[in-house]
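A.B. asks: Sharing structure-v9.cif, mmCIF, C-alpha atoms:
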```
data_run
#
loop_
_atom_site.label_atom_id
_atom_site.label_comp_id
_atom_site.auth_asym_id
_atom_site.auth_seq_id
_atom_site.Cartn_x
_atom_site.Cartn_y
_atom_site.Cartn_z
CA GLU Q 293 0.00 0.00 0.00
CA ALA Q 294 1.49 3.33 -1.06
CA GLY Q 295 1.89 5.92 1.67
CA VAL Q 296 0.89 9.55 1.81
CA ALA Q 297 2.67 11.52 -0.92
CA GLN Q 298 3.63 15.17 -0.63
CA SER Q 299 5.37 17.63 -2.92
CA PRO Q 300 7.52 19.53 -3.06
CA ARG Q 301 9.79 18.26 -0.31
CA TYR Q 302 11.56 21.58 0.10
CA LYS Q 303 10.66 25.14 -0.78
CA ILE Q 304 12.44 28.43 -0.20
CA ILE Q 305 10.56 31.67 -0.85
CA GLU Q 306 10.80 35.30 0.11
CA LYS Q 307 8.30 36.90 2.46
CA ARG Q 308 5.14 38.15 0.78
CA GLN Q 309 5.44 35.53 -1.96
CA SER Q 310 2.91 32.74 -2.35
CA VAL Q 311 3.45 28.98 -2.18
CA ALA Q 312 1.36 25.85 -2.62
CA PHE Q 313 1.79 22.35 -1.27
CA TRP Q 314 0.22 19.18 -2.64
CA CYS Q 315 -0.86 16.02 -0.86
CA ASN Q 316 -2.09 12.67 -2.15
CA PRO Q 317 -3.48 10.54 0.70
CA ILE Q 318 -3.51 6.78 0.99
CA SER Q 319 -6.07 5.30 -1.39
CA GLY Q 320 -9.49 4.99 0.22
CA HIS Q 321 -8.73 7.30 3.12
CA ALA Q 322 -11.64 9.67 3.62
CA THR Q 323 -10.05 11.92 6.22
CA LEU Q 324 -7.16 14.22 5.38
CA TYR Q 325 -5.24 16.51 7.74
CA TRP Q 326 -2.78 19.33 7.24
CA TYR Q 327 -0.41 20.07 10.10
CA GLN Q 328 2.21 22.74 10.69
CA GLN Q 329 5.31 21.61 12.57
CA ILE Q 330 7.62 24.36 13.73
CA LEU Q 331 11.16 23.27 14.58
CA GLY Q 332 11.30 21.69 18.03
CA GLN Q 333 7.53 21.43 18.41
CA GLY Q 334 4.84 18.87 17.83
CA PRO Q 335 2.55 19.05 14.81
CA LYS Q 336 -0.32 21.53 15.07
CA LEU Q 337 -3.51 20.86 13.14
CA LEU Q 338 -4.34 23.46 10.51
CA ILE Q 339 -7.29 21.87 8.78
CA GLN Q 340 -9.13 18.56 8.66
CA PHE Q 341 -11.21 17.30 5.72
CA GLN Q 342 -13.75 14.51 5.63
CA ASN Q 343 -13.99 13.63 1.93
CA ASN Q 344 -14.19 17.08 0.33
CA GLY Q 345 -15.81 18.83 3.29
CA VAL Q 346 -14.02 20.79 6.02
CA VAL Q 347 -14.43 19.29 9.50
CA ASP Q 348 -12.24 21.72 11.39
CA ASP Q 349 -10.23 24.74 10.31
CA SER Q 350 -10.29 26.65 13.58
CA GLN Q 351 -6.49 26.99 13.69
CA LEU Q 352 -6.00 27.91 10.05
CA PRO Q 353 -4.92 31.57 9.61
CA LYS Q 354 -7.57 32.23 7.03
CA ASP Q 355 -6.27 35.66 6.08
CA ARG Q 356 -3.28 34.00 4.41
CA PHE Q 357 -3.80 30.23 4.37
CA SER Q 358 -6.29 28.33 2.25
CA ALA Q 359 -6.82 24.65 1.52
CA GLU Q 360 -9.03 22.61 -0.71
CA ARG Q 361 -9.84 19.00 -1.45
CA LEU Q 362 -12.10 19.30 -4.44
CA LYS Q 363 -12.70 15.67 -5.40
CA GLY Q 364 -12.23 14.16 -1.98
CA VAL Q 365 -8.80 12.80 -2.84
CA ASP Q 366 -5.83 15.13 -3.42
CA SER Q 367 -5.49 18.32 -1.45
CA THR Q 368 -3.57 21.57 -1.79
CA LEU Q 369 -2.55 24.00 0.93
CA LYS Q 370 -1.70 27.55 -0.10
CA ILE Q 371 -0.05 30.43 1.71
CA GLN Q 372 -0.41 33.92 0.31
CA PRO Q 373 1.37 36.10 1.28
CA ALA Q 374 3.99 34.21 3.29
CA LYS Q 375 5.52 35.58 6.49
CA LEU Q 376 8.80 34.71 8.16
CA GLU Q 377 6.95 32.86 10.93
CA ASP Q 378 5.46 30.47 8.36
CA SER Q 379 8.83 28.72 8.13
CA ALA Q 380 8.03 25.18 9.20
CA VAL Q 381 7.42 21.65 7.96
CA TYR Q 382 3.93 21.16 6.56
CA LEU Q 383 2.72 17.64 7.11
CA CYS Q 384 -0.19 15.91 5.45
CA ALA Q 385 -1.81 12.89 7.07
CA SER Q 386 -4.74 10.66 6.21
CA SER Q 387 -6.93 8.07 7.86
CA ARG Q 388 -9.74 5.81 6.71
CA LEU Q 389 -12.11 7.76 8.88
CA SER Q 390 -11.42 10.24 11.64
CA ILE Q 391 -11.88 7.56 14.30
CA TYR Q 392 -8.99 5.51 12.96
CA GLU Q 393 -5.23 5.94 13.18
CA GLN Q 394 -3.63 8.50 10.89
CA TYR Q 395 -0.61 8.11 8.66
CA PHE Q 396 1.76 10.93 7.80
CA GLY Q 397 3.53 11.92 4.62
CA PRO Q 398 7.21 13.01 4.58
CA GLY Q 399 6.32 16.70 4.82
CA THR Q 400 7.31 19.83 2.95
CA ARG Q 401 9.97 21.99 4.58
CA LEU Q 402 9.21 25.66 3.90
CA THR Q 403 11.79 28.36 4.50
CA VAL Q 404 10.63 31.98 4.23
CA THR Q 405 13.46 34.51 3.92
CA GLY V 115 -9.26 22.47 24.00
CA GLU V 116 -6.99 19.56 24.81
CA ASN V 117 -3.49 20.23 26.18
CA VAL V 118 -0.83 17.51 25.98
CA GLU V 119 2.41 17.84 27.93
CA GLN V 120 5.38 15.56 27.30
CA HIS V 121 8.51 14.85 29.37
CA PRO V 122 11.43 14.71 29.15
CA SER V 123 12.33 16.83 26.13
CA THR V 124 15.63 14.97 25.71
CA LEU V 125 16.67 11.52 26.87
CA SER V 126 19.97 9.68 26.51
CA VAL V 127 20.29 6.01 27.37
CA GLN V 128 22.92 3.34 26.92
CA GLU V 129 22.20 0.66 24.37
CA GLY V 130 20.27 -2.16 26.01
CA ASP V 131 18.77 0.03 28.72
CA SER V 132 15.11 1.01 28.92
CA ALA V 133 13.62 4.39 28.02
CA VAL V 134 10.41 5.87 29.38
CA ILE V 135 8.60 8.91 28.03
CA LYS V 136 5.59 10.36 29.83
CA CYS V 137 2.64 12.45 28.68
CA THR V 138 -0.28 14.06 30.44
CA TYR V 139 -3.51 15.30 28.91
CA SER V 140 -6.21 17.64 30.11
CA ASP V 141 -9.45 16.56 28.41
CA SER V 142 -10.91 13.60 30.27
CA ALA V 143 -13.03 12.84 27.20
CA SER V 144 -9.99 12.05 25.02
CA ASN V 145 -10.22 8.42 23.98
CA TYR V 146 -7.26 7.51 21.78
CA PHE V 147 -3.54 7.95 22.45
CA PRO V 148 -1.03 7.21 19.70
CA TRP V 149 2.76 7.44 19.83
CA TYR V 150 4.82 8.48 16.83
CA LYS V 151 8.50 8.17 15.98
CA GLN V 152 9.96 10.87 13.76
CA GLU V 153 13.34 10.46 12.15
CA LEU V 154 15.24 13.36 10.66
CA GLY V 155 13.66 14.58 7.44
CA LYS V 156 10.70 12.21 7.66
CA GLY V 157 7.11 12.44 8.74
CA PRO V 158 5.94 10.94 12.06
CA GLN V 159 5.44 7.18 11.97
CA LEU V 160 2.84 5.51 14.17
CA ILE V 161 4.58 2.97 16.42
CA ILE V 162 1.93 2.04 18.97
CA ASP V 163 -1.41 3.30 20.20
CA ILE V 164 -3.85 2.70 23.02
CA ARG V 165 -7.55 3.34 23.42
CA SER V 166 -9.23 4.58 26.56
CA ASN V 167 -10.79 1.21 27.41
CA VAL V 168 -7.37 -0.44 27.73
CA GLY V 169 -4.75 0.04 30.45
CA GLU V 170 -1.69 -1.40 28.72
CA LYS V 171 -0.59 -2.55 25.29
CA LYS V 172 2.63 -4.19 24.23
CA ASP V 173 4.30 -4.79 20.88
CA GLN V 174 7.68 -6.54 21.12
CA ARG V 175 10.06 -4.05 22.78
CA ILE V 176 7.53 -1.24 22.94
CA ALA V 177 4.72 -0.83 25.45
CA VAL V 178 2.27 1.91 26.33
CA THR V 179 0.39 2.34 29.59
CA LEU V 180 -2.62 4.53 30.25
CA ASN V 181 -3.91 5.85 33.57
CA LYS V 182 -7.27 7.48 32.82
CA THR V 183 -7.81 8.64 36.40
CA ALA V 184 -4.53 10.53 36.47
CA LYS V 185 -4.82 11.44 32.77
CA HIS V 186 -1.37 10.30 31.84
CA PHE V 187 0.14 7.74 29.50
CA SER V 188 3.67 6.51 28.99
CA LEU V 189 5.82 4.91 26.32
CA HIS V 190 8.27 2.22 27.41
CA ILE V 191 11.04 0.99 25.14
CA THR V 192 13.08 -1.94 26.43
CA GLU V 193 16.44 -3.23 25.21
CA THR V 194 17.05 -0.01 23.32
CA GLN V 195 19.06 -0.07 20.10
CA PRO V 196 20.84 2.75 18.23
CA GLU V 197 18.11 2.69 15.58
CA ASP V 198 15.62 3.72 18.27
CA SER V 199 17.28 7.15 18.27
CA ALA V 200 14.66 9.64 17.01
CA VAL V 201 12.11 12.17 18.22
CA TYR V 202 9.04 10.62 19.81
CA PHE V 203 5.67 12.36 20.01
CA CYS V 204 2.64 11.46 22.03
CA ALA V 205 -0.83 12.59 21.00
CA ALA V 206 -4.38 12.55 22.29
CA ARG V 207 -7.54 12.50 20.23
CA THR V 208 -10.64 14.24 21.47
CA ILE V 209 -14.09 12.76 21.12
CA THR V 210 -15.50 16.07 19.90
CA GLY V 211 -14.28 16.58 16.35
CA ASN V 212 -11.82 13.68 16.49
CA GLN V 213 -8.91 16.13 16.54
CA PHE V 214 -5.37 15.13 17.44
CA TYR V 215 -3.28 17.18 19.88
CA PHE V 216 0.44 16.49 20.04
CA GLY V 217 3.04 16.75 22.76
CA THR V 218 6.21 18.74 22.20
CA GLY V 219 8.38 15.72 21.52
CA THR V 220 11.22 13.81 23.19
CA SER V 221 14.57 13.49 21.47
CA LEU V 222 15.87 10.03 22.34
CA THR V 223 19.52 9.18 21.84
CA VAL V 224 20.68 5.60 22.30
CA ILE V 225 24.42 5.49 22.93
CA PRO V 226 26.14 2.38 21.51
#
```
Would you put the structure from the file into C-alpha cells?
C.D. replies:
Amino acid sequence: EAGVAQSPRYKIIEKRQSVAFWCNPISGHATLYWYQQILGQGPKLLIQFQNNGVVDDSQLPKDRFSAERLKGVDSTLKIQPAKLEDSAVYLCASSRLSIYEQYFGPGTRLTVT
Amino acid sequence: GENVEQHPSTLSVQEGDSAVIKCTYSDSASNYFPWYKQELGKGPQLIIDIRSNVGEKKDQRIAVTLNKTAKHFSLHITETQPEDSAVYFCAARTITGNQFYFGTGTSLTVIP
C-alpha cells in the first residue's frame, strides 16, 4: 500500500510571496489533515477534511492560508502572502475515517526569507 | 481544547537500557492515544497506540500504559538499540471533532 505523498519536499521563498503544497493521501482514506510543525515542536492541526468537506479549520490563519480538497482525494494547501513565521514543515496525514489511526507523509519543509 | 504535555524533552540512554517517556492530557473525554517516531527529514510514523478502554498494550520491545484517572500515559522501550534514536511524540484525540493534539516531543539518543 502506497503511503501519503507530498510535494515539493523543500521550498524556499521570500516573504510576501505565495506557495502551494500538494498532498495525495492513501487510497481509500476519507479523512485528510494538514499540520504545521515548527522546529522543536509537535505538529499543530491546521485543517481537517472529511472527503471534500471541512471538518475543522479553527487553527487555520484564514487571512493568508487556504486549503481545498475538491474531489475528496488530493489536497492543496496555499499560503499567500507568506511571512517569516510560516517557516516550518507542513505535514499531510490521512486516515480511513477520523476515528482511525492516521498516517503521515514526509512533509514539505518551507523556508521563508 | 486539549493540552498535551510531554517529558522529558531529551533523553539519553545506553544501548540495552530502557527508556520511558511520559505524557499528560487535560481533556478527560480524550479516547485515543497514539505514539509516533519521527526520524530526521521524515514524517511521524505511528509505532503504537492505546484506546481509553485499555490500560496497557505491548508490541515486542515497545509498550504503552494509560492511567485514565490521572490522565497520563507513557511509552516504554526496552532493550534499546541505536536505531531507536529519534524524536518521539505522544498525541491525544478528542471525542469532539476527532482532533489530534500532540506533545512537544522527546529526542531520544541511544548510545552504543
A.B. asks: For range 184-213 of chain V against range 135-145 of chain V, with a cut-off of 9 Å and counting all atoms listed in the file, what is the closest atom pair and its distance in Å to one decimal for every residue that makes the cut, ordered by chain and number, as a Markdown table?
C.D. replies:
```
| residue | atom | partner | partner_atom | distance |
| --- | --- | --- | --- | --- |
| V:Ala184 | CA | V:Thr138 | CA | 8.2 |
| V:Lys185 | CA | V:Tyr139 | CA | 5.6 |
| V:His186 | CA | V:Thr138 | CA | 4.2 |
| V:Phe187 | CA | V:Cys137 | CA | 5.4 |
| V:Ser188 | CA | V:Lys136 | CA | 4.4 |
| V:Leu189 | CA | V:Ile135 | CA | 5.2 |
| V:His190 | CA | V:Ile135 | CA | 6.7 |
| V:Ile191 | CA | V:Ile135 | CA | 8.8 |
| V:Tyr202 | CA | V:Ile135 | CA | 8.4 |
| V:Cys204 | CA | V:Cys137 | CA | 6.7 |
| V:Ala205 | CA | V:Cys137 | CA | 8.4 |
| V:Ala206 | CA | V:Ser144 | CA | 6.3 |
| V:Arg207 | CA | V:Ser144 | CA | 5.4 |
| V:Thr208 | CA | V:Ser144 | CA | 4.2 |
| V:Ile209 | CA | V:Ser144 | CA | 5.7 |
| V:Thr210 | CA | V:Ala143 | CA | 8.4 |
| V:Asn212 | CA | V:Ser144 | CA | 8.9 |
```
A.B. asks: Check which residues of chain Q sit at most 12 Å from chain V using all atoms listed in the file, and return one row each with the closest pair of atoms and their distance in Å to one decimal, ordered by chain and rising number, as a tab-separated table.
C.D. replies:
```
residue	atom	partner	partner_atom	distance
Q:Gly295	CA	V:Gly157	CA	10.9
Q:Val296	CA	V:Gly157	CA	9.8
Q:Ala297	CA	V:Gly157	CA	10.7
Q:Gln298	CA	V:Gly157	CA	10.4
Q:Arg301	CA	V:Gly155	CA	9.4
Q:Tyr302	CA	V:Gly155	CA	10.4
Q:Thr323	CA	V:Asn212	CA	10.6
Q:Leu324	CA	V:Gln213	CA	11.5
Q:Tyr325	CA	V:Gln213	CA	9.5
Q:Trp326	CA	V:Phe214	CA	11.3
Q:Tyr327	CA	V:Phe214	CA	10.1
Q:Gln328	CA	V:Phe216	CA	11.4
Q:Gln329	CA	V:Thr218	CA	10.1
Q:Ile330	CA	V:Thr218	CA	10.3
Q:Leu331	CA	V:Thr218	CA	10.2
Q:Gly332	CA	V:Thr218	CA	7.2
Q:Gln333	CA	V:Thr218	CA	4.8
Q:Gly334	CA	V:Thr218	CA	4.6
Q:Pro335	CA	V:Phe216	CA	6.2
Q:Lys336	CA	V:Phe216	CA	7.1
Q:Leu337	CA	V:Phe214	CA	7.4
Q:Leu338	CA	V:Gln213	CA	10.5
Q:Ile339	CA	V:Gln213	CA	9.8
Q:Gln340	CA	V:Gln213	CA	8.2
Q:Phe341	CA	V:Gly211	CA	11.1
Q:Gln342	CA	V:Gly211	CA	10.9
Q:Val346	CA	V:Gly211	CA	11.2
Q:Val347	CA	V:Gly211	CA	7.4
Q:Asp348	CA	V:Gly211	CA	7.4
Q:Asp349	CA	V:Gln213	CA	10.7
Q:Ser350	CA	V:Gln213	CA	11.0
Q:Gln351	CA	V:Gln213	CA	11.5
Q:Val381	CA	V:Gly157	CA	9.2
Q:Tyr382	CA	V:Gly157	CA	9.5
Q:Leu383	CA	V:Gly157	CA	7.0
Q:Cys384	CA	V:Gly157	CA	8.7
Q:Ala385	CA	V:Gly157	CA	9.1
Q:Ser387	CA	V:Asn212	CA	11.4
Q:Leu389	CA	V:Asn212	CA	9.6
Q:Ser390	CA	V:Asn212	CA	6.0
Q:Ile391	CA	V:Asn212	CA	6.5
Q:Tyr392	CA	V:Tyr146	CA	9.2
Q:Glu393	CA	V:Pro148	CA	7.9
Q:Gln394	CA	V:Leu160	CA	7.8
Q:Tyr395	CA	V:Gln159	CA	7.0
Q:Phe396	CA	V:Gly157	CA	5.6
Q:Gly397	CA	V:Gly157	CA	5.5
Q:Pro398	CA	V:Gly157	CA	4.2
Q:Gly399	CA	V:Gly157	CA	5.8
Q:Thr400	CA	V:Gly155	CA	9.4
Q:Arg401	CA	V:Gly155	CA	8.8
```
A.B. asks: Give me, please, the distance in Å between CA of Asp131 in chain V and CA of Glu119 in chain V, quoted to one decimal.
C.D. replies: 24.2 Å
A.B. asks: Between Q:Val365, Q:Ala294, Q:Ile304, Q:Ala359, which has the minimum distance to His321 in chain Q (counting only C-alpha atoms)?
C.D. replies: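 Residue with the minimum atom-to-atom distance to His321 in chain Q: Q:Val365.
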A.B. asks: Set the distance at 8 Å and use only C-alpha atoms: which residues neighbour Arg356 in chain Q once local chain neighbours fewer than 4 positions away are removed? I'd like the list as a VMD selection string.
C.D. replies: chain Q and resid 371 to 374
A.B. asks: One decimal, in Å: what's the spacing between CA of Glu193 in chain V and CA of Glu129 in chain V?
C.D. replies: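 Going from CA of Glu193 in chain V over to CA of Glu129 in chain V, I get 7.0 Å.
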A.B. asks: Given the file shown, enumerate the residues that the PyMOL selection byres ((chain V and resi 130) around 9) captures and present them as a PyMOL selection string.
C.D. replies: chain V and resi 127-129+131-132+192-195+224+226
A.B. asks: Could you pull the residues within 9 Å of Leu376 in chain Q, counting all atoms listed in the file, minus those fewer than 5 positions along the same chain, as a ChimeraX atom specification?
C.D. replies: /Q:306-308,403-405
A.B. asks: Which one of V:Ile176, V:Val134, V:Leu125, V:Ile164 sits closest to Ala200 in chain V if you count only C-alpha atoms?
C.D. replies: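 Closest to Ala200 in chain V of all the choices is V:Leu125.
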A.B. asks: If you take every atom of range 115-130 of chain V that the file lists and fit an axis-aligned box around them with 8 Å extra on each side, what centre and edge lengths come out in Å to one decimal, as lines of an AutoDock Vina configuration file?
C.D. replies:
```
center_x = 6.8
center_y = 10.2
center_z = 26.7
size_x = 48.2
size_y = 40.6
size_z = 21.4
```
A.B. asks: Report, in Å to a single decimal, how far apart CA of Ala177 in chain V and CA of Pro196 in chain V are.
C.D. replies: 18.0 Å
A.B. asks: Would you list the contacts of Trp314 in chain Q as a compact mmCIF listing (two decimals) with C-alpha atoms, in the frame of the given file, taking every protein, DNA or RNA residue within 7 Å and counting all atoms listed in the file, but skipping same-chain residues closer than 2 positions in sequence?
C.D. replies:
```
# COMPACT_ATOMS: atom_id res chain seq x y z
CA GLN Q 298 3.63 15.17 -0.63
CA SER Q 299 5.37 17.63 -2.92
CA ALA Q 312 1.36 25.85 -2.62
CA ASN Q 316 -2.09 12.67 -2.15
CA SER Q 367 -5.49 18.32 -1.45
CA THR Q 368 -3.57 21.57 -1.79
CA LEU Q 369 -2.55 24.00 0.93
```
